[in-house]
Amino acid sequence: MSDIILAHEQSYSTICAEITEVTGRLKLSTSTQDLDTLSARLESLFSDARETLEQVELEGHSLEGRAREKVGVRLLSYKAELGRQQQQFASCKTEASHRTDRLELFTRSEDCDTDLHIETETDHMLASSSRQLEDGKRLLAETEDIGSGVLGDLASQRETIERSRSRLKDVEGGLGASNTVLKGMMLRAQQNKVVLAAVCLAILVVLVWGVYHLASN
């Protein structure tokens, strides 16, 4: 496989890791300035990621056969992951925007206890992070279940293949025995033909001799 493609894929992985880290910071941002700065950084990272995938796709066109197919499959996976990260970015940006709006509103209000509202907002952020963590755990558990199911299917398929191989060997053994019997039958048939030809020849000789003997008398 092309070293250029591997380099692009490593670069893409690095970009995705940074996207995940910056998105986490964006989710917890509490000021409009942080929100704007982190959002701009994420937009730039997503642009870099898309350009990197385009380079991988271009380089993949120069490959042939199985190698090209593998790159195509990985590209589909990369694009799906990038789409998921973009959705998460949009969700976190919306959540952070609502939070900063509420905090700024509370800060400007003279009738409200700012510290109390900030504490409430912090609790809300922690609760949101906890839900996200629980979702991650659930997704991990589902992934493990799927992996266990796949492994079970593979084990079952392996047993089926082994049984098929065993039956194939039995069939090959039967075909070998049948081939031996068939060759014996063909050999006997050839021998019978030789014997029949010899008998016919002997009868013909006797007839010719008999006719000649009668003609002579």
# chains A, B, ... in the order shown; residues from 1 in each chain; ligands from 1

$ residues_around --residues "A:Arg25" --least-positions-apart "6" --cutoff "12 Å" --atoms "only C-alpha atoms" --output "list in words"
Glu18, Ile19, Ser31, Asp34, Leu35, Asp36, Thr37, Leu38, Ser39, Arg41, Leu42, Phe89, Cys92, Lys93, Ala96, Met125 and Ser129 of chain A

$ residues_around --residues "A:Arg84" --least-positions-apart "6" --cutoff "12 Å" --atoms "only C-alpha atoms" --output "list in words"
Cys16, Ile19, Thr20, Phe46, Ser77, Tyr78, Ala90 and Ser91 of chain A

$ closest_residue --among "A:Gln10, A:Thr30, A:Leu175, A:Val194" --to "A:Asp101" --atoms "only C-alpha atoms"
A:Thr30
